[in-house]
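Student: Have a look at this one.
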Amino acid sequence: MIDMSAILVIFGGTGDLTHRKLMPALYNMLLDGIVPEHFRVVSIGRRDKTVDEYRNEIRASIDRYSRNKVDENIWSKLCGMISYYRFDFRDFEGYPKLKAYLDNLDKEADTKGNRIYYMAVAPEYFETIVHGLHIAGMARQEGSWSRLVIEKPFGKDLKTARHLNQKLLEVFDEKSIYRIDHYLGKEMIQNIMVLRFTNSIFESIWNNKFIDNIQISLTEKLGVGTRGNYYENSGAMRDMVQSHIMQILSLVAMEPPVNLKTDSIRTEKLKVLEAIEDITPEFLRENVVFGQYGRGFIDGVPVVGYREEANIPKDSNTETFVALKLHINNFRWAGTPFYIRTGKRLGTYGAEIVIQFKDLPNILYFSDGHIQEPNLLVIRIQPNVGVFFQFNTKDFTSHHGIVPTKMDTSYENPSQGNTPEAYERLIYDILRGDSTLFSRWDEVEASWTIADRIIKYREQGNVKFPNYDAGSMGPVRSFELLARDGRKWWNI
Ligand SMILES: NC(=O)c1ccc[n+]([C@@H]2O[C@H](COP(=O)([O-])OP(=O)(O)OC[C@H]3O[C@@H](n4cnc5c(N)ncnc54)[C@H](OP(=O)(O)O)[C@@H]3O)[C@@H](O)[C@H]2O)c1
């Protein structure tokens, strides 16, 4: 039996992530009966407030953000588990006091000395807090486990990621470090492996002999909003490509693992990243497109351009859009391109993987000028989770027409679409000690190696920004990237 008894210590307990994601996730976990009996949450912040004030604020956030309506009994149970601990984590003298507080709580709640330290704080503090935990002897305790949860971004580039990792490893071992990529907690991302490895119809044709190209699109209607300071130092490459997109790409393209153990899966994912070839400036000149949004309309409402947003310099060169063509140079994928695009202030909001199968020869039904629509398999991650398949059938309304027919399993019924939020699954896995849905260091290192080359190339070039209107689907060059290959982006 896995012992999940623990104290979850949230550094950043008054922050946005805790209010919008972590606490609603804990509430829903409790509702689903997957919170251990012996469990406590200690939220750390600097602000002066009583535990009752803190609990009331959390209650308001759960009311607002939980996917399920609040049940008073469940809330009162969760409420009793939460405490607020005021502490400036730059003050190293405070850590032994925090330790004493937690040890005391162990006795009261029978949480067995087990700890989850959740870094819901700005990344520049990760090292400071880990150091504080180390000097107070809080990272490794005899007879109990301690896990460290690191939010993204994990470093700003390969060099800073390596440095951070080194610092973490001086205190925690690799298997106790949980690097969050919340996309991996999404149901449909987990479904990629299930679809591939439980359906003979898919796995037998999942290769360059049958697949023409694969597209991964993560599109947002939102602009940077209040996150200008963060985004200006990040851009689409760091915010989306280095983390979420590389993870999705590895899951779509990986070989079947020898078993479903964490390391077997992560090893196959890593091999995909290692097989990506040609990230040279010459290759990138032809195969990457950067964009930044100007003014435009989202759903008919006028919006400002990126350079007019709060906390953004008027001459910012940060990219809010990236489109990229990649080759995975292995036996399965050589010759089948992967197209990736992500951006803010686009005309649609969604995350989709489109697998376009190869055309049949233009004979028989396609010999007399009939346009052949390709078979498409679409894995929709958000907003509606589901799988969509397009195939050709006879058009029953005419004598000889062929029409693409769509089979769509998307959950339009809200009760079916009410799938657990990513953070519910991730926190549950941390409690269970299962790190399959978290990034291993060598995966992070490999994706930074790729992202670094692309970011460096962008920093040397001078694309004229802004180059797409808010509400469009990105710069014209993004369409040309595929048109040149005789292909197009699919907007399903
Ligand atoms: N928000 C999201 O949806 C989201 C999504 C993905 C990843 N993340 C990542 O999650 C992390 C947290 O983001 P956030 O948006 O929640 O940030 P945030 O709203 O700015 O919250 C920061 C938290 O850190 C605390 N804090 C800052 N300095 C402190 C100090 N010296 N001592 C004690 N507490 C201190 C703040 O406490 P006081 O307010 O009491 O000072 C607050 O609770 C970041 O790494 C971010 O990149 C966030």
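Chain labels follow the order of the structure tokens: the first chain is A, the next B, and so on; residue numbering restarts at 1 in every chain, and ligands are counted from 1 in their shown order.
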Just the residues within 12 Å of Lys107 in chain A, please, counting only C-alpha atoms, with nothing from its chain fewer than 5 positions along; format it as number ranges by chain.
Tutor: A: 6-7, 38-40, 100-102, 112-114
Student: If you keep C-alpha atoms, can you produce a file of those selected residues as a PDB file, in the first residue's frame?
Tutor:
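Okay, this is what ended up in out29.pdb:
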ATOM      1  CA  ALA A   6       1.501  14.101   3.903  1.00  0.00           C
ATOM      2  CA  ILE A   7       1.648  17.817   4.508  1.00  0.00           C
ATOM      3  CA  HIS A  38      -4.058  12.074   6.968  1.00  0.00           C
ATOM      4  CA  PHE A  39      -3.448  15.200   4.956  1.00  0.00           C
ATOM      5  CA  ARG A  40      -2.811  18.887   5.672  1.00  0.00           C
ATOM      6  CA  ALA A 100       9.081  22.848  14.074  1.00  0.00           C
ATOM      7  CA  TYR A 101       5.589  23.960  13.028  1.00  0.00           C
ATOM      8  CA  LEU A 102       5.305  21.152  10.473  1.00  0.00           C
ATOM      9  CA  LYS A 112       4.117  10.724   9.138  1.00  0.00           C
ATOM     10  CA  GLY A 113       6.739  13.402   8.397  1.00  0.00           C
ATOM     11  CA  ASN A 114       5.988  13.195   4.655  1.00  0.00           C
TER      12      ASN A 114
END
Student: Within 7 Å of ligand 1, which residues show up when you count only C-alpha atoms and all ligand atoms? List them as a list in words, please.
Tutor: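 The distance check yields Phe11, Gly12, Gly13, Thr14, Gly15, Asp16, Leu17, Thr18, Arg20, Lys21, Ile44, Gly45, Arg46, Arg47, Phe87, Asp88, Phe89, Arg90, Met119, Ala120, Val121, Ala122, Pro123, Glu151, Lys152 and Pro153 of chain A.
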Student: Save the residues we just selected, N, CA and C atoms, as a compact mmCIF listing (two decimals), in the first residue's frame?
Tutor:
# COMPACT_ATOMS: atom_id res chain seq x y z
N PHE A 11 4.59 27.09 -1.02
CA PHE A 11 5.27 28.39 -1.02
C PHE A 11 4.57 29.22 -2.10
N GLY A 12 3.98 30.34 -1.72
CA GLY A 12 3.17 31.10 -2.67
C GLY A 12 1.69 30.80 -2.47
N GLY A 13 1.31 30.57 -1.22
CA GLY A 13 -0.06 30.17 -0.89
C GLY A 13 -1.08 31.28 -1.08
N THR A 14 -0.61 32.52 -1.25
CA THR A 14 -1.56 33.61 -1.48
C THR A 14 -1.59 34.00 -2.96
N GLY A 15 -0.85 33.28 -3.78
CA GLY A 15 -0.70 33.68 -5.19
C GLY A 15 -1.81 33.17 -6.10
N ASP A 16 -1.71 33.61 -7.33
CA ASP A 16 -2.71 33.33 -8.35
C ASP A 16 -2.85 31.82 -8.62
N LEU A 17 -1.72 31.14 -8.75
CA LEU A 17 -1.76 29.70 -9.06
C LEU A 17 -2.50 28.93 -7.97
N THR A 18 -2.20 29.26 -6.72
CA THR A 18 -2.84 28.57 -5.60
C THR A 18 -4.35 28.81 -5.63
N ARG A 20 -6.31 29.89 -8.21
CA ARG A 20 -7.07 29.48 -9.41
C ARG A 20 -6.99 28.00 -9.69
N LYS A 21 -5.84 27.38 -9.33
CA LYS A 21 -5.65 25.98 -9.75
C LYS A 21 -5.51 25.01 -8.57
N ILE A 44 1.98 29.21 2.55
CA ILE A 44 2.92 30.23 3.01
C ILE A 44 2.80 31.49 2.17
N GLY A 45 2.73 32.63 2.85
CA GLY A 45 2.71 33.92 2.16
C GLY A 45 3.31 34.97 3.08
N ARG A 46 3.49 36.15 2.54
CA ARG A 46 4.06 37.22 3.36
C ARG A 46 2.99 38.06 4.03
N ARG A 47 1.81 38.07 3.40
CA ARG A 47 0.78 39.01 3.87
C ARG A 47 0.26 38.63 5.25
N PHE A 87 5.40 34.03 6.51
CA PHE A 87 6.87 33.82 6.55
C PHE A 87 7.48 34.37 5.26
N ASP A 88 8.59 35.11 5.42
CA ASP A 88 9.31 35.59 4.24
C ASP A 88 10.39 34.55 3.94
N PHE A 89 10.26 33.89 2.81
CA PHE A 89 11.15 32.75 2.57
C PHE A 89 12.60 33.15 2.24
N ARG A 90 12.88 34.45 2.23
CA ARG A 90 14.28 34.85 2.06
C ARG A 90 15.00 34.89 3.42
N MET A 119 6.51 24.72 -5.12
CA MET A 119 7.07 26.05 -5.41
C MET A 119 6.10 26.84 -6.30
N ALA A 120 5.08 27.42 -5.68
CA ALA A 120 4.13 28.25 -6.46
C ALA A 120 4.57 29.71 -6.36
N VAL A 121 5.83 29.93 -6.66
CA VAL A 121 6.42 31.27 -6.54
C VAL A 121 7.19 31.59 -7.82
N ALA A 122 7.60 32.84 -7.95
CA ALA A 122 8.38 33.22 -9.12
C ALA A 122 9.67 32.39 -9.18
N PRO A 123 10.09 32.01 -10.38
CA PRO A 123 11.22 31.08 -10.52
C PRO A 123 12.51 31.55 -9.87
N GLU A 151 7.32 24.51 -10.51
CA GLU A 151 6.45 25.01 -11.59
C GLU A 151 7.32 25.46 -12.77
N LYS A 152 6.72 25.55 -13.93
CA LYS A 152 7.46 26.09 -15.06
C LYS A 152 7.52 27.61 -14.92
N PRO A 153 8.45 28.35 -15.44
CA PRO A 153 9.49 27.85 -16.33
C PRO A 153 10.69 27.26 -15.57
Student: Enumerate, as a ChimeraX atom specification, the complete set of residues in range 207-377 of chain A that a backbone-based DSSP assignment places in helix (DSSP H, G or I).
Tutor: /A:228-232,235-253,262-274,281-287,306-308,364-366
Student: I need the chosen residues saved as a CSV table (one decimal), in the first residue's frame, with C-alpha atoms.
Tutor:
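Contents of the output file result20.csv:
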chain,number,residue,atom,x,y,z
A,228,GLY,CA,3.3,41.5,-19.4
A,229,ASN,CA,6.4,41.4,-17.2
A,230,TYR,CA,6.6,37.6,-17.3
A,231,TYR,CA,5.8,37.3,-21.0
A,232,GLU,CA,8.2,40.0,-22.1
A,235,GLY,CA,7.9,34.9,-25.5
A,236,ALA,CA,6.1,32.1,-27.3
A,237,MET,CA,9.2,29.9,-27.6
A,238,ARG,CA,9.9,29.7,-23.9
A,239,ASP,CA,6.2,29.9,-22.8
A,240,MET,CA,4.9,27.2,-25.1
A,241,VAL,CA,7.4,25.5,-27.4
A,242,GLN,CA,10.1,24.5,-25.1
A,243,SER,CA,7.7,22.9,-22.6
A,244,HIS,CA,4.2,22.0,-23.7
A,245,ILE,CA,4.8,21.5,-27.5
A,246,MET,CA,7.9,19.5,-27.1
A,247,GLN,CA,6.1,17.2,-24.6
A,248,ILE,CA,3.2,16.7,-27.0
A,249,LEU,CA,5.5,16.1,-29.9
A,250,SER,CA,7.3,13.4,-28.0
A,251,LEU,CA,4.1,11.6,-27.0
A,252,VAL,CA,2.8,11.7,-30.6
A,253,ALA,CA,6.1,10.5,-32.1
A,262,THR,CA,7.8,5.9,-15.7
A,263,ASP,CA,11.3,5.6,-16.9
A,264,SER,CA,10.5,3.4,-19.9
A,265,ILE,CA,8.0,6.0,-21.2
A,266,ARG,CA,10.4,9.0,-20.5
A,267,THR,CA,13.2,7.2,-22.2
A,268,GLU,CA,11.2,6.8,-25.4
A,269,LYS,CA,10.0,10.4,-25.3
A,270,LEU,CA,13.6,11.6,-24.9
A,271,LYS,CA,14.7,9.6,-28.0
A,272,VAL,CA,12.2,11.7,-30.1
A,273,LEU,CA,13.8,14.9,-29.0
A,274,GLU,CA,17.2,13.5,-29.7
A,281,PRO,CA,20.6,28.8,-38.8
A,282,GLU,CA,20.3,27.7,-42.5
A,283,PHE,CA,17.5,25.3,-41.7
A,284,LEU,CA,15.7,27.8,-39.5
A,285,ARG,CA,15.9,30.5,-42.2
A,286,GLU,CA,13.4,28.5,-44.3
A,287,ASN,CA,11.5,26.7,-41.6
A,306,TYR,CA,1.3,43.7,-28.0
A,307,ARG,CA,3.5,46.8,-27.8
A,308,GLU,CA,0.5,48.7,-26.4
A,364,LEU,CA,-11.0,5.5,-59.8
A,365,TYR,CA,-13.2,7.9,-57.9
A,366,PHE,CA,-10.6,10.7,-58.1
Student: Applying 7 Å and only C-alpha atoms, which residues near Phe338 in chain A remain after dropping the ones on its own chain fewer than 3 positions away? List them as a VMD selection string.
Tutor: chain A and resid 213 to 215 325 to 327
Student: If we count only C-alpha atoms and set the cut-off at 9 Å, which residues sit around Pro36 in chain A, ignoring sequence neighbours fewer than 5 positions away in its own chain? Please answer as a PyMOL selection string.
Tutor: chain A and resi 3-6+30+431
Student: Hey, can you spit out that residue selection with C-alpha atoms as a CSV table (one decimal), in the first residue's frame?
Tutor:
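Below you can see selection30.csv, which holds the result:
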chain,number,residue,atom,x,y,z
A,3,ASP,CA,1.3,5.8,2.1
A,4,MET,CA,0.0,9.1,0.8
A,5,SER,CA,-0.3,10.8,4.2
A,6,ALA,CA,1.5,14.1,3.9
A,30,LEU,CA,-11.6,15.6,-1.9
A,431,LEU,CA,1.0,12.1,-3.5
Student: My list of candidates is A:Val130, A:Leu184, A:Leu376, A:Ile177. Which is closest to Glu424 in chain A when distances are computed with only C-alpha atoms?
Tutor: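 When distances to Glu424 in chain A are compared using only C-alpha atoms, the smallest one comes from A:Leu184.
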Student: Pick the closest to Thr336 in chain A from A:Tyr183, A:Phe321, A:Phe210, A:Trp441: which is it, counting only C-alpha atoms?
Tutor: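 Smallest distance to Thr336 in chain A is found for A:Phe210.
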Student: Considering only C-alpha atoms, state which residue in the set A:Thr280, A:Ser76, A:Asn375, A:Ser146 is at the smallest distance from Val171 in chain A.
Tutor: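 Among the listed residues, A:Ser146 lies closest to Val171 in chain A.
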Student: I need the strand (DSSP E) residues of range 46-198 of chain A per DSSP on the backbone, written as a PyMOL selection string.
Tutor: chain A and resi 82-86+115-119+146-150+177-179
Student: With only C-alpha atoms as the basis for distance, which of A:Tyr54, A:Tyr349, A:Phe438, A:Phe479 is at the shortest distance from Ile180 in chain A?
Tutor: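 That would be A:Phe438, the residue with the smallest distance to Ile180 in chain A.
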Student: Could you state the separation of CA of Val289 in chain A and CA of Glu220 in chain A in Å, given to one decimal place?
Tutor: 17.1 Å
Student: Check the smallest atom-to-atom distance from each of A:Glu255, A:Glu421, A:Glu57, A:Glu174 to Ala25 in chain A using only C-alpha atoms, then report the winner.
Tutor: A:Glu421
Student: May I ask for the distance between CA of Tyr84 in chain A and CA of Leu133 in chain A, given in Å to one decimal place?
Tutor: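 According to the coordinates, CA of Tyr84 in chain A and CA of Leu133 in chain A are separated by 18.2 Å.
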Student: Rank A:Gly350, A:Ile371, A:Leu377, A:Val303 by their smallest atom-to-atom distance to Ile201 in chain A, using only C-alpha atoms, and report the top residue only.
Tutor: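 Selected residue with least distance to Ile201 in chain A: A:Leu377.
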Student: Quick one: residues within 8 Å of Asp408 in chain A, only C-alpha atoms, excluding same-chain residues fewer than 6 positions away - as a PDB file with N, CA and C atoms, in the first residue's frame?
Tutor:
ATOM      1  N   GLY A 386     -11.684  15.511 -27.174  1.00  0.00           N
ATOM      2  CA  GLY A 386     -12.313  14.521 -28.037  1.00  0.00           C
ATOM      3  C   GLY A 386     -11.411  14.112 -29.182  1.00  0.00           C
ATOM      4  N   VAL A 387     -11.927  13.156 -29.950  1.00  0.00           N
ATOM      5  CA  VAL A 387     -11.201  12.672 -31.113  1.00  0.00           C
ATOM      6  C   VAL A 387     -12.134  12.809 -32.307  1.00  0.00           C
ATOM      7  N   PHE A 388     -11.567  13.243 -33.391  1.00  0.00           N
ATOM      8  CA  PHE A 388     -12.355  13.530 -34.582  1.00  0.00           C
ATOM      9  C   PHE A 388     -11.684  12.804 -35.748  1.00  0.00           C
ATOM     10  N   PHE A 389     -12.490  12.153 -36.566  1.00  0.00           N
ATOM     11  CA  PHE A 389     -11.905  11.448 -37.705  1.00  0.00           C
ATOM     12  C   PHE A 389     -12.662  11.821 -38.966  1.00  0.00           C
TER      13      PHE A 389
END
Student: What is the distance between CA of Ile402 in chain A and CA of Gln372 in chain A, in Å to one decimal?
Tutor: 8.6 Å
Student: Skipping near chain neighbours, those fewer than 6 positions away, what residues fall within 8 Å of Val403 in chain A using only C-alpha atoms, listed as a list in words?
Tutor: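 Skipping anything fewer than 6 positions along the chain leaves Asn392, Thr393, Lys394 and Asp395 of chain A.
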Student: For N, CA and C atoms, I'd like the residues from the last selection saved as a PDB file, in the first residue's frame.
Tutor:
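So selection-v8.pdb came out as:
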ATOM      1  N   ASN A 392     -13.855   9.537 -46.298  1.00  0.00           N
ATOM      2  CA  ASN A 392     -14.717   9.803 -47.458  1.00  0.00           C
ATOM      3  C   ASN A 392     -15.817   8.754 -47.585  1.00  0.00           C
ATOM      4  N   THR A 393     -16.997   9.219 -47.917  1.00  0.00           N
ATOM      5  CA  THR A 393     -18.096   8.285 -48.195  1.00  0.00           C
ATOM      6  C   THR A 393     -18.856   8.792 -49.417  1.00  0.00           C
ATOM      7  N   LYS A 394     -19.784   7.957 -49.884  1.00  0.00           N
ATOM      8  CA  LYS A 394     -20.623   8.386 -50.993  1.00  0.00           C
ATOM      9  C   LYS A 394     -21.558   9.498 -50.516  1.00  0.00           C
ATOM     10  N   ASP A 395     -21.764  10.454 -51.391  1.00  0.00           N
ATOM     11  CA  ASP A 395     -22.732  11.503 -51.082  1.00  0.00           C
ATOM     12  C   ASP A 395     -24.115  10.973 -51.461  1.00  0.00           C
TER      13      ASP A 395
END
Student: Just the residues within 10 Å of Asp469 in chain A, please, counting only C-alpha atoms, with nothing from its chain fewer than 5 positions along; format it as a PyMOL selection string.
Tutor: chain A and resi 291-298+303-305+345-347+474-475
